[in-house]
file protein06.pdb (PDB, C-alpha atoms)
ATOM      1  CA  MET A 152      53.671 -22.641-123.885
ATOM      2  CA  LYS A 153      52.572 -24.273-127.154
ATOM      3  CA  PHE A 154      49.297 -26.141-127.506
ATOM      4  CA  ARG A 155      48.585 -28.195-130.590
ATOM      5  CA  PRO A 156      46.157 -29.350-131.806
ATOM      6  CA  PHE A 157      43.355 -27.063-130.730
ATOM      7  CA  PRO A 158      41.957 -28.387-127.417
ATOM      8  CA  GLU A 159      38.428 -29.670-127.968
ATOM      9  CA  ILE A 160      36.494 -30.021-124.717
ATOM     10  CA  LYS A 161      33.517 -32.358-124.237
ATOM     11  CA  THR A 162      31.062 -32.084-121.363
ATOM     12  CA  GLU A 163      27.845 -33.909-120.583
ATOM     13  CA  ARG A 164      25.812 -31.923-123.156
ATOM     14  CA  LEU A 165      28.366 -29.822-125.032
ATOM     15  CA  ILE A 166      31.340 -29.807-127.346
ATOM     16  CA  LEU A 167      33.632 -26.784-127.140
ATOM     17  CA  ARG A 168      35.552 -26.713-130.387
ATOM     18  CA  LYS A 169      37.629 -24.514-132.639
ATOM     19  CA  VAL A 170      35.676 -21.754-134.386
ATOM     20  CA  GLU A 171      35.870 -22.289-138.168
ATOM     21  CA  ALA A 172      35.219 -20.012-141.161
ATOM     22  CA  SER A 173      32.032 -22.046-141.737
ATOM     23  CA  ASP A 174      30.739 -20.589-138.428
ATOM     24  CA  CYS A 175      30.746 -17.050-139.841
ATOM     25  CA  GLU A 176      26.929 -16.677-139.799
ATOM     26  CA  GLU A 177      26.754 -17.687-136.128
ATOM     27  CA  VAL A 178      29.720 -15.452-135.237
ATOM     28  CA  LEU A 179      28.059 -12.545-137.042
ATOM     29  CA  PHE A 180      24.852 -13.141-135.075
ATOM     30  CA  LEU A 181      26.611 -13.471-131.704
ATOM     31  CA  ARG A 182      28.707 -10.340-132.253
ATOM     32  CA  SER A 183      25.964  -8.143-133.745
ATOM     33  CA  ASP A 184      22.621  -9.187-132.214
ATOM     34  CA  THR A 185      21.242  -6.391-130.040
ATOM     35  CA  ASN A 186      20.066  -8.743-127.286
ATOM     36  CA  VAL A 187      23.346 -10.708-127.094
ATOM     37  CA  ASN A 188      25.393  -7.484-127.067
ATOM     38  CA  LYS A 189      23.144  -5.422-124.790
ATOM     39  CA  PHE A 190      25.892  -5.165-122.148
ATOM     40  CA  ILE A 191      28.970  -5.306-124.398
ATOM     41  CA  GLU A 192      30.644  -2.039-125.329
ATOM     42  CA  ARG A 193      33.008  -2.555-128.257
ATOM     43  CA  PRO A 194      34.900   0.239-129.980
ATOM     44  CA  GLU A 195      33.650   0.896-133.508
ATOM     45  CA  HIS A 196      36.655  -0.798-135.152
ATOM     46  CA  ARG A 197      35.945  -4.056-133.176
ATOM     47  CA  LYS A 198      32.268  -4.334-134.143
ATOM     48  CA  THR A 199      31.136  -7.157-136.411
ATOM     49  CA  LYS A 200      28.701  -5.717-138.951
ATOM     50  CA  ASN A 201      28.775  -8.194-141.832
ATOM     51  CA  LYS A 202      29.978 -11.606-142.970
ATOM     52  CA  GLU A 203      33.397 -10.243-143.954
ATOM     53  CA  ASP A 204      33.879  -8.823-140.434
ATOM     54  CA  ALA A 205      32.918 -12.205-138.972
ATOM     55  CA  ILE A 206      35.446 -14.022-141.172
ATOM     56  CA  LYS A 207      38.096 -11.467-140.205
ATOM     57  CA  PHE A 208      37.301 -12.021-136.509
ATOM     58  CA  ILE A 209      37.536 -15.824-136.912
ATOM     59  CA  LYS A 210      40.951 -15.363-138.537
ATOM     60  CA  GLU A 211      42.033 -13.124-135.640
ATOM     61  CA  ILE A 212      41.094 -15.671-132.983
ATOM     62  CA  THR A 213      42.711 -18.480-134.990
ATOM     63  CA  ASP A 214      45.923 -16.450-135.320
ATOM     64  CA  ALA A 215      45.832 -15.606-131.602
ATOM     65  CA  PHE A 216      45.657 -19.327-130.768
ATOM     66  CA  GLU A 217      48.529 -20.063-133.162
ATOM     67  CA  LYS A 218      50.565 -17.413-131.316
ATOM     68  CA  ASN A 219      49.568 -18.896-127.936
ATOM     69  CA  ILE A 220      47.904 -15.687-126.762
ATOM     70  CA  SER A 221      44.261 -16.806-126.503
ATOM     71  CA  PHE A 222      41.884 -19.754-126.661
ATOM     72  CA  ALA A 223      38.425 -19.224-128.174
ATOM     73  CA  TRP A 224      35.950 -22.085-128.317
ATOM     74  CA  GLY A 225      32.687 -22.339-130.214
ATOM     75  CA  ILE A 226      29.982 -23.872-128.030
ATOM     76  CA  THR A 227      27.836 -26.565-129.654
ATOM     77  CA  LEU A 228      25.380 -29.137-128.392
ATOM     78  CA  LYS A 229      26.684 -32.704-128.709
ATOM     79  CA  ASN A 230      23.832 -33.616-131.055
ATOM     80  CA  ASN A 231      24.177 -30.511-133.285
ATOM     81  CA  PRO A 232      27.428 -29.048-134.682
ATOM     82  CA  LYS A 233      25.913 -25.558-135.115
ATOM     83  CA  MET A 234      27.629 -23.002-132.899
ATOM     84  CA  ILE A 235      25.289 -21.540-130.254
ATOM     85  CA  GLY A 236      27.804 -19.469-128.317
ATOM     86  CA  SER A 237      31.445 -18.903-127.586
ATOM     87  CA  ILE A 238      33.772 -18.815-124.619
ATOM     88  CA  CYS A 239      37.381 -17.750-124.461
ATOM     89  CA  LEU A 240      40.453 -17.311-122.325
ATOM     90  CA  TRP A 241      42.318 -14.282-123.622
ATOM     91  CA  ASN A 242      44.223 -11.178-122.550
ATOM     92  CA  LEU A 243      46.843 -13.391-120.897
ATOM     93  CA  SER A 244      49.197 -11.694-118.481
ATOM     94  CA  GLU A 245      52.819 -11.381-119.543
ATOM     95  CA  ASP A 246      53.870 -14.014-116.999
ATOM     96  CA  ARG A 247      51.066 -16.338-118.232
ATOM     97  CA  LYS A 248      49.604 -16.677-114.729
ATOM     98  CA  THR A 249      46.334 -14.810-115.369
ATOM     99  CA  ALA A 250      43.780 -14.887-118.179
ATOM    100  CA  GLU A 251      40.530 -13.085-118.852
ATOM    101  CA  LEU A 252      37.334 -15.016-119.514
ATOM    102  CA  GLY A 253      34.815 -13.932-122.152
ATOM    103  CA  TYR A 254      31.575 -15.537-123.314
ATOM    104  CA  ASP A 255      28.341 -15.094-125.244
ATOM    105  CA  LEU A 256      25.341 -17.298-125.927
ATOM    106  CA  ASN A 257      22.429 -17.274-128.337
ATOM    107  CA  PRO A 258      19.340 -16.137-126.337
ATOM    108  CA  ASP A 259      17.425 -19.247-127.481
ATOM    109  CA  PHE A 260      19.807 -21.312-125.308
ATOM    110  CA  GLN A 261      20.066 -19.052-122.270
ATOM    111  CA  GLY A 262      18.638 -20.087-118.907
ATOM    112  CA  LYS A 263      19.371 -23.786-119.503
ATOM    113  CA  GLY A 264      22.703 -24.052-117.643
ATOM    114  CA  ILE A 265      24.662 -24.272-120.892
ATOM    115  CA  MET A 266      27.023 -21.390-120.175
ATOM    116  CA  SER A 267      27.616 -22.603-116.644
ATOM    117  CA  GLU A 268      28.562 -26.046-118.001
ATOM    118  CA  ALA A 269      30.877 -24.500-120.599
ATOM    119  CA  LEU A 270      32.408 -22.128-118.046
ATOM    120  CA  ARG A 271      33.209 -24.913-115.565
ATOM    121  CA  SER A 272      34.949 -26.937-118.273
ATOM    122  CA  VAL A 273      36.997 -23.923-119.417
ATOM    123  CA  LEU A 274      37.984 -23.123-115.817
ATOM    124  CA  ASP A 275      39.108 -26.732-115.426
ATOM    125  CA  TYR A 276      41.146 -26.490-118.628
ATOM    126  CA  GLY A 277      42.625 -23.112-117.678
ATOM    127  CA  PHE A 278      43.634 -24.197-114.190
ATOM    128  CA  ASN A 279      44.642 -27.831-114.782
ATOM    129  CA  HIS A 280      46.156 -27.738-118.288
ATOM    130  CA  LEU A 281      47.257 -24.145-118.775
ATOM    131  CA  LYS A 282      48.189 -23.775-115.090
ATOM    132  CA  PHE A 283      46.723 -20.284-114.678
ATOM    133  CA  GLU A 284      46.801 -19.035-111.105
ATOM    134  CA  LYS A 285      43.834 -16.720-111.603
ATOM    135  CA  ILE A 286      41.074 -16.108-114.155
ATOM    136  CA  GLU A 287      39.310 -12.742-114.367
ATOM    137  CA  ALA A 288      36.017 -11.713-115.905
ATOM    138  CA  PHE A 289      34.954  -8.172-116.736
ATOM    139  CA  THR A 290      31.200  -7.720-116.987
ATOM    140  CA  HIS A 291      28.806  -4.801-117.245
ATOM    141  CA  LYS A 292      27.608  -3.698-113.807
ATOM    142  CA  LYS A 293      23.960  -3.950-114.990
ATOM    143  CA  ASN A 294      24.313  -7.464-116.422
ATOM    144  CA  LYS A 295      22.581  -9.447-113.650
ATOM    145  CA  SER A 296      22.725 -12.770-115.531
ATOM    146  CA  SER A 297      26.476 -12.533-116.089
ATOM    147  CA  LYS A 298      27.147 -11.532-112.481
ATOM    148  CA  GLN A 299      25.011 -14.456-111.254
ATOM    149  CA  LEU A 300      26.797 -16.885-113.607
ATOM    150  CA  LEU A 301      30.186 -15.802-112.287
ATOM    151  CA  GLU A 302      29.201 -15.862-108.613
ATOM    152  CA  THR A 303      27.488 -19.260-108.960
ATOM    153  CA  ASN A 304      30.726 -20.635-110.399
ATOM    154  CA  GLY A 305      32.998 -19.354-107.633
ATOM    155  CA  PHE A 306      34.081 -15.955-108.928
ATOM    156  CA  LYS A 307      34.406 -13.149-106.379
ATOM    157  CA  TYR A 308      33.504  -9.523-107.090
ATOM    158  CA  MET A 309      36.611  -7.363-106.741
ATOM    159  CA  ALA A 310      35.222  -4.076-105.403
ATOM    160  CA  ASN A 311      38.746  -2.718-105.004
ATOM    161  CA  ARG A 312      39.548  -3.098-108.748
ATOM    162  CA  LYS A 313      38.325  -0.871-111.565
ATOM    163  CA  ASP A 314      38.406  -1.314-115.321
ATOM    164  CA  GLU A 315      40.481   1.677-116.421
ATOM    165  CA  ASP A 316      39.124   1.435-119.980
ATOM    166  CA  ASN A 317      35.420   1.221-119.149
ATOM    167  CA  THR A 318      33.738   2.459-115.969
ATOM    168  CA  SER A 319      30.572   0.449-116.815
ATOM    169  CA  TYR A 320      32.430  -2.818-116.196
ATOM    170  CA  ILE A 321      33.125  -4.516-112.894
ATOM    171  CA  ILE A 322      35.725  -7.204-112.285
ATOM    172  CA  PHE A 323      35.368 -10.716-110.898
ATOM    173  CA  GLU A 324      38.185 -13.172-110.165
ATOM    174  CA  ILE A 325      38.620 -16.815-109.333
ATOM    175  CA  GLU A 326      41.862 -18.364-108.115
ATOM    176  CA  ASN A 327      43.185 -21.746-109.094
ATOM    177  CA  PRO A 328      42.134 -23.987-106.173
ATOM    178  CA  VAL A 329      45.548 -25.718-106.266
ATOM    179  CA  HIS A 330      47.434 -22.423-105.941
ATOM    180  CA  LYS A 331      44.965 -21.176-103.349
ATOM    181  CA  SER A 332      45.455 -24.251-101.174
ATOM    182  CA  LEU A 333      49.230 -23.837-101.412
ATOM    183  CA  SER A 334      49.078 -20.267-100.165
ATOM    184  CA  PRO A 335      50.623 -19.931 -96.724
ATOM    185  CA  THR A 336      48.271 -19.296 -93.833
ATOM    186  CA  VAL A 337      49.148 -16.235 -91.822
ATOM    187  CA  ASN A 338      48.225 -16.215 -88.150
ATOM    188  CA  SER A 339      47.970 -12.878 -86.368
TER     189      SER A 339
END

call {"tool": "encode", "arguments": {"input": "protein06.pdb", "output": "structure tokens"}}
result
Amino acid sequence: MKFRPFPEIKTERLILRKVEASDCEEVLFLRSDTNVNKFIERPEHRKTKNKEDAIKFIKEITDAFEKNISFAWGITLKNNPKMIGSICLWNLSEDRKTAELGYDLNPDFQGKGIMSEALRSVLDYGFNHLKFEKIEAFTHKKNKSSKQLLETNGFKYMANRKDEDNTSYIIFEIENPVHKSLSPTVNS
């Protein structure tokens, strides 16, 4: 699975584009702001504390795309190229049938349906272009906004699954509607 060039996605209000080194200030803000990261628990070595860390992170996500192991988009408004958030498909399963969804958004733009619009377009890309069978999202159990976003967009809470690395996180999943409709029906 090789995807070149980077897949830019346009929606009614948004452009989801490649994150560039010139976005380092926005990346630093999104990965270090207390409000944005209130429910994100990163190990110390994964924290973004300064501009150099942000540039290093941008290089990591660029390299991961080049190796076909993740897709990370910067979210911008169509009328402004400044990055206001990010959304990614990463942590792909070995068989490339499942991916994990991650996202963040500048608080100034929250509550406007922006993340929902970005999420729907990324689900469409993941299911229809990358042919994932399932997309997962791990979110903090106290993050009401994230849980609502996922449920509103068709994700189901998986009470039977636990995040082995972090007991504060709960897991949501959504299946590719094409694969779901092809699943055999079992009559009892």

call {"tool": "resolve_selection", "arguments": {"input": "protein06.pdb", "expression": "the PyMOL selection byres ((chain A and resi 278-281) around 9)", "output": "list in words"}}
result
Met152, Arg247, Lys248, Val273, Leu274, Asp275, Tyr276, Gly277, Lys282, Phe283, Glu284, Lys285, Ile286, Glu326, Asn327, Pro328 and Val329 of chain A

call {"tool": "atom_distance", "arguments": {"input": "protein06.pdb", "atom1": "CA of Ala172 in chain A", "atom2": "CA of Phe216 in chain A"}}
result
14.7 Å

call {"tool": "residues_near_point", "arguments": {"input": "protein06.pdb", "point": "(31.1, -4.0, -125.3)", "cutoff": "10 Å", "atoms": "only C-alpha atoms", "output": "NGL selection string"}}
result
:A and (182 or 188-195 or 197-198 or 290-291 or 317 or 319-320)

call {"tool": "write_last_selection", "arguments": {"input": "protein06.pdb", "atoms": "C-alpha atoms", "output": "PDB file, in the frame of the given file"}}
result
ATOM      1  CA  ARG A 182      28.707 -10.340-132.253  1.00  0.00           C
ATOM      2  CA  ASN A 188      25.393  -7.484-127.067  1.00  0.00           C
ATOM      3  CA  LYS A 189      23.144  -5.422-124.790  1.00  0.00           C
ATOM      4  CA  PHE A 190      25.892  -5.165-122.148  1.00  0.00           C
ATOM      5  CA  ILE A 191      28.970  -5.306-124.398  1.00  0.00           C
ATOM      6  CA  GLU A 192      30.644  -2.039-125.329  1.00  0.00           C
ATOM      7  CA  ARG A 193      33.008  -2.555-128.257  1.00  0.00           C
ATOM      8  CA  PRO A 194      34.900   0.239-129.980  1.00  0.00           C
ATOM      9  CA  GLU A 195      33.650   0.896-133.508  1.00  0.00           C
ATOM     10  CA  ARG A 197      35.945  -4.056-133.176  1.00  0.00           C
ATOM     11  CA  LYS A 198      32.268  -4.334-134.143  1.00  0.00           C
ATOM     12  CA  THR A 290      31.200  -7.720-116.987  1.00  0.00           C
ATOM     13  CA  HIS A 291      28.806  -4.801-117.245  1.00  0.00           C
ATOM     14  CA  ASN A 317      35.420   1.221-119.149  1.00  0.00           C
ATOM     15  CA  SER A 319      30.572   0.449-116.815  1.00  0.00           C
ATOM     16  CA  TYR A 320      32.430  -2.818-116.196  1.00  0.00           C
TER      17      TYR A 320
END

call {"tool": "atom_distance", "arguments": {"input": "protein06.pdb", "atom1": "CA of Glu268 in chain A", "atom2": "CA of Ser297 in chain A"}}
result
13.8 Å

call {"tool": "closest_residue", "arguments": {"input": "protein06.pdb", "among": "A:Asn294, A:Asn230, A:Asp214, A:Ala288", "to": "Glu251 in chain A", "atoms": "only C-alpha atoms"}}
result
A:Ala288

call {"tool": "residues_around", "arguments": {"input": "protein06.pdb", "residues": "Gly305 in chain A", "least_positions_apart": "5", "cutoff": "9 Å", "atoms": "only C-alpha atoms", "output": "MDAnalysis selection string"}}
result
chainID A and resid 300 324:326

call {"tool": "residues_around", "arguments": {"input": "protein06.pdb", "residues": "Asp259 in chain A", "least_positions_apart": "3", "cutoff": "12 Å", "atoms": "all atoms listed in the file", "output": "number ranges by chain"}}
result
A: 181, 186-187, 235-236, 255-256, 262-263, 265
